[in-house]
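Worksheet for the structure shown next.
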Amino acid sequence: MGELGAALSKEALLQWRSRSRVVAIVVFGSSALLLFSFAIGPDTSALSRHAPGFLWLALLLSSTLSLSESFRAETDERALEGLLLLPARSHALFYGKAIANGLQLALLGIALLAPMVVLYDAPLPRPWALIGVILLGSAGLAAPGTLYAAMTSQLRADQTLLPLLLFPLVVPVLLASVKASSLLMHGDAMGQVGSWQMLLVAFDVIYWSLCGVLFERVVED
Amino acid sequence: MTSAKTLAIETRGVSRRFGRRWALAEVDLQVESGTTFVLSGRNGSGKSTLLRVLSTAIRPDLGQARVGGFDVRSHRDAARRATSLLGHYSNLYDPLTALENLQLPARFLGKSQGRSELLPALEQVGLAERADDPVATFSAGMRKRLSLARALLKGAPILLLDEPFGALDPPGFRLVADVLESARRDGVTVVMATHQLQRGSELGDRALVLQSGRVVWTGPAPELATAGAAAGLAESR
C-alpha cells in the first residue's frame, strides 16, 4: 500500500504540473462532440438518440491522447526505469498510473455531459447513475489503455499504434457503456441497465487483474 | 588471490545480444568491495551495456552476474537494492522540481522525504538554490549532478556510473569528484565507465578495456592510459 500511495502521489503531481494538457483534451473531446452533431444535422430526436454513442466515441478518441501522453514523462529520461531499479514494484506503478488515467477519463466524461446536453438536447433523468456508468466505462478503458500505452511509448509510432491495439480490445466495454448510458438517458422499460452495468464490472475486474500481471512483462527487459 | 567474500561484483561469461550483434561477449569481471573500478573503451564497446546488466536494467543472454552477492536473474530485487545506477538517461521527471525528484524515490524507499532532510543532498551537488525549480529548466550538467544526488540517496553499497563527468564544467567536475571520493571513503564500491583514460587512471584502483563487447585488457588503473593507447583509445591532446 505504501508503494501504491507513492505511485498515486507521483501521478497526482505529474497531472497537476501538466494541467494545461488536460484542458486541451477536454477541448478535443468537446470538439469531437460538436463535429458529430454536425454529421447528424438539425434532427433533434436523432441527436438525442445518438447522444450516448457519441459521448463514448468522444471519450474513446480523447483517451488515446491522454493515455499516450501519460507515459511521456516516464519515457523521456527513463524515469520509470529509475523507479523500477529502486526497486519499486511494477504492480504499484501500474495501478497508480491506471487509477490516475481512469480518474482523468471519468472526469473528462463528466465534463463532456454539459456539451452533450447543450448540443444533443440529451435528457439526464438519472445523472448519478450515468456518472456511475462513466466511472465503470472509464475504468474499462484505463487498464488496457495504460498497458498498451506503456508498450507503445517505447516505439516511435506510439500515437498510431495505441488506437490500433486498444480499440479492438475495448469493444465490449464500449458496447456495454453505450447501452447502459442509452438506457439511463432514454428510459429502461425492461430493467436491462443492471445487466449492462454488471457486464462492465466483470470486464473491469478481468482487465484490471490481467493488465496488472502483464505490466511487469512490458516494462522489464 | 581475491577472497570471494570481498567481491562486490563478479561476472562469468556475461554476454548480451541486441538483434544479431553481441554488445557483450563472455565478459569476466571481479570487483572488490570498497574499490573503484574503471570500465573503458570506445563508443559502442559495451561499457553501458555491462553497467545496465549489473544494475539489472537488462538481463544477460548468457553467463552469470552477481552484485552484492546476489544473482541478477534469480535475486533481481536484492541485486537492485545493492546497486545504484547513474546512466546516460537521468531517470528524472522533467515537470517536477529538483526537490520533488528526490522526494519521489525517497518515498518509494521508505525514507524521510522532508525538505530539511533532502536539502543537504542537493547541497552536496551544488543545487540547493535550485531546489524548487523544475528539472525541465536545468542544463545537461545540472541534470547529471541531480541524477548523482538521486543515485546517492538510495545508499546502495555499489555505485554504477556511466560517464559521470560527461557534460560537466570544471567546477561541476570537481564537485562530482569530491562526492565520489567521499562515497569511496564510506566504503562504497564504484564502477565507472569512461572513455577518458587520464581521469580513469587517476580515479580508479583497477580498470578494464572493452572492445566490441570483449575484454581486451584488465589491470591496475594507473596503467590504463598505456593499455588504452595500445588498444587505440589514445586521447587527443
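Letters A, B, ... mark the chains of the C-alpha cells in the order given; residue numbers begin at 1 per chain; ligand numbers begin at 1, in order shown.
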
| query | Which neighbours of Gln124 (chain B) fall inside 12 Å, counting only C-alpha atoms, when residues of the same chain fewer than 5 positions from it are skipped, and could you give them as a list in words? | reply |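 What passes the distance filter is Leu118, Leu119, Glu129, Arg145, Leu146, Leu148, Ala149, Arg150, Leu152, Leu153, Gly172, Arg174, Leu175, Val176, Ala177, Asp178, Val179, Leu180, Ser182 and Ala183 of chain B.
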
| message | What are the residues of chain B lining chain A at 10 Å or less? Count only C-alpha atoms, and put the answer as number ranges by chain. | response | B: 55-60, 76-96, 100-101, 103-110, 134, 150-151, 154, 156

Could you write out that same residue set with C-alpha atoms as a PDB file, in the first residue's frame?
```pdb
ATOM      1  CA  SER B  55      22.142  -2.804 -12.449  1.00  0.00           C
ATOM      2  CA  THR B  56      19.547  -5.401 -13.634  1.00  0.00           C
ATOM      3  CA  ALA B  57      18.056  -2.901 -16.087  1.00  0.00           C
ATOM      4  CA  ILE B  58      18.671  -5.559 -18.745  1.00  0.00           C
ATOM      5  CA  ARG B  59      19.273  -9.288 -18.460  1.00  0.00           C
ATOM      6  CA  PRO B  60      22.324 -11.085 -19.762  1.00  0.00           C
ATOM      7  CA  ARG B  76      16.769  -9.332  -9.031  1.00  0.00           C
ATOM      8  CA  ASP B  77      15.200  -7.215  -6.300  1.00  0.00           C
ATOM      9  CA  ALA B  78      18.040  -7.874  -3.846  1.00  0.00           C
ATOM     10  CA  ALA B  79      20.567  -7.040  -6.588  1.00  0.00           C
ATOM     11  CA  ARG B  80      18.637  -3.833  -7.274  1.00  0.00           C
ATOM     12  CA  ARG B  81      18.779  -2.836  -3.635  1.00  0.00           C
ATOM     13  CA  ALA B  82      22.546  -3.391  -3.685  1.00  0.00           C
ATOM     14  CA  THR B  83      23.195  -1.128  -6.679  1.00  0.00           C
ATOM     15  CA  SER B  84      22.513   2.400  -7.812  1.00  0.00           C
ATOM     16  CA  LEU B  85      22.865   3.355 -11.473  1.00  0.00           C
ATOM     17  CA  LEU B  86      23.734   6.744 -12.911  1.00  0.00           C
ATOM     18  CA  GLY B  87      23.181   6.058 -16.585  1.00  0.00           C
ATOM     19  CA  HIS B  88      23.064   8.016 -19.827  1.00  0.00           C
ATOM     20  CA  TYR B  89      19.467   8.925 -19.048  1.00  0.00           C
ATOM     21  CA  SER B  90      18.867  10.967 -15.935  1.00  0.00           C
ATOM     22  CA  ASN B  91      15.819   8.992 -14.637  1.00  0.00           C
ATOM     23  CA  LEU B  92      14.372  12.385 -13.668  1.00  0.00           C
ATOM     24  CA  TYR B  93      10.866  13.720 -14.190  1.00  0.00           C
ATOM     25  CA  ASP B  94      11.146  16.944 -16.177  1.00  0.00           C
ATOM     26  CA  PRO B  95       7.898  18.521 -14.909  1.00  0.00           C
ATOM     27  CA  LEU B  96       8.905  18.024 -11.247  1.00  0.00           C
ATOM     28  CA  GLU B 100      10.440  16.584  -5.775  1.00  0.00           C
ATOM     29  CA  ASN B 101      12.718  14.391  -7.886  1.00  0.00           C
ATOM     30  CA  GLN B 103      11.266  13.150  -2.592  1.00  0.00           C
ATOM     31  CA  LEU B 104       9.739  10.680  -5.033  1.00  0.00           C
ATOM     32  CA  PRO B 105      12.381   7.918  -4.777  1.00  0.00           C
ATOM     33  CA  ALA B 106      12.709   8.642  -1.043  1.00  0.00           C
ATOM     34  CA  ARG B 107       9.020   7.846  -0.648  1.00  0.00           C
ATOM     35  CA  PHE B 108       9.353   4.580  -2.581  1.00  0.00           C
ATOM     36  CA  LEU B 109      12.384   3.657  -0.490  1.00  0.00           C
ATOM     37  CA  GLY B 110      10.514   4.409   2.728  1.00  0.00           C
ATOM     38  CA  PRO B 134      11.528  22.315 -12.489  1.00  0.00           C
ATOM     39  CA  ARG B 150      19.313  10.764  -6.675  1.00  0.00           C
ATOM     40  CA  ALA B 151      21.635   7.775  -7.072  1.00  0.00           C
ATOM     41  CA  LYS B 154      19.459   5.223  -2.170  1.00  0.00           C
ATOM     42  CA  ALA B 156      23.391   1.394  -2.059  1.00  0.00           C
TER      43      ALA B 156
END
```

| query | Do you know which residues are at most 8 Å from region 192-206 of chain B counting only C-alpha atoms, after dropping those on the same chain fewer than 3 positions away, and could you put them as a list of chain:residue names? | reply | B:Thr35, B:Thr36, B:Phe37, B:Val38, B:Leu39, B:Ser40, B:Gly41, B:Arg42, B:Asn43, B:Lys47, B:Ser48, B:Leu51, B:Leu160, B:Leu161, B:Asp162, B:Glu163, B:Pro164, B:Thr218, B:Gly219, B:Pro220, B:Ala221, B:Pro222, B:Glu223, B:Leu224, B:Ala225, B:Gly228, B:Leu233, B:Ala234, B:Glu235

Find the residues near region 217-219 of chain A: any atom within 8 Å, counting only C-alpha atoms, skip ones fewer than 5 places away on the same chain, and give them as a compact mmCIF listing (two decimals) with N, CA and C atoms, in the first residue's frame.
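Just written: around.txt:
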```txt
# COMPACT_ATOMS: atom_id res chain seq x y z
N GLU A 81 12.06 3.55 -15.47
CA GLU A 81 13.13 2.57 -15.23
C GLU A 81 13.86 2.90 -13.93
N SER A 90 6.43 -3.14 -9.90
CA SER A 90 5.77 -2.74 -11.16
C SER A 90 4.25 -2.71 -10.98
N LEU A 147 -1.79 -0.25 -20.11
CA LEU A 147 -0.85 -1.32 -20.50
C LEU A 147 -0.32 -1.09 -21.92
N ALA A 150 2.01 1.88 -22.20
CA ALA A 150 3.37 1.54 -21.73
C ALA A 150 4.12 0.80 -22.83
N MET A 151 3.39 -0.07 -23.53
CA MET A 151 4.01 -0.87 -24.58
C MET A 151 4.43 0.01 -25.76
```

| Separation of CA of Gly102 (chain A) from CA of Ala139 (chain A) in Å |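 Distance between the two atoms: 5.0 Å.
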
| task | Mind checking which residues fall within 9 Å of region 47-57 of chain A, counting only C-alpha atoms, ignoring those fewer than 6 positions away in the same chain, and posting them as a VMD selection string? | result | chain A and resid 29 32 to 33 36 to 37 40 to 41 109 112 to 113 116 to 117 119 to 123 134 137 174 to 175 177 to 182 185 to 186

| query | Do you have the CA of Ala100 (chain A)-CA of Val193 (chain A) distance handy? | reply | 26.8 Å

| message | One number please: CA of Phe70 (chain B) to CA of Ser212 (chain B), in Å, one decimal. | response |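 Rounded to one decimal, the two atoms are 27.0 Å apart.
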
| request: Would you kindly return, as a list in words, each protein, DNA or RNA residue with an atom no farther than 8 Å from any atom of region 62-65 of chain A, considering only C-alpha atoms and excluding same-chain residues fewer than 5 positions away? | output: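 Final neighbour list, sorted by chain and number: Ile25, Val26, Phe28, Gly29, Leu105, Leu141, Gly145, Gln159, Leu162 and Pro163 of chain A.
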
| task | Write out as a ChimeraX atom specification each polymer residue whose atoms come within 10 Å of Cys211 (chain A), counting only C-alpha atoms; drop sequence neighbours fewer than 5 positions from it. | result | /A:91,94-95,98,143-148,206,216,218

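Using only C-alpha atoms, the nearest neighbour of Val191 (chain B) within the list B:Gly126, B:Gly34, B:Pro171, B:Gly141 is B:Gly34.
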
| query | Among region 37-226 of chain B, which residues carry a DSSP assignment of alpha helix (DSSP H), reported as a VMD selection string? | reply | chain B and resid 47 to 54 76 to 82 98 to 108 115 to 124 140 to 153 170 to 185 197 to 203 224 to 226
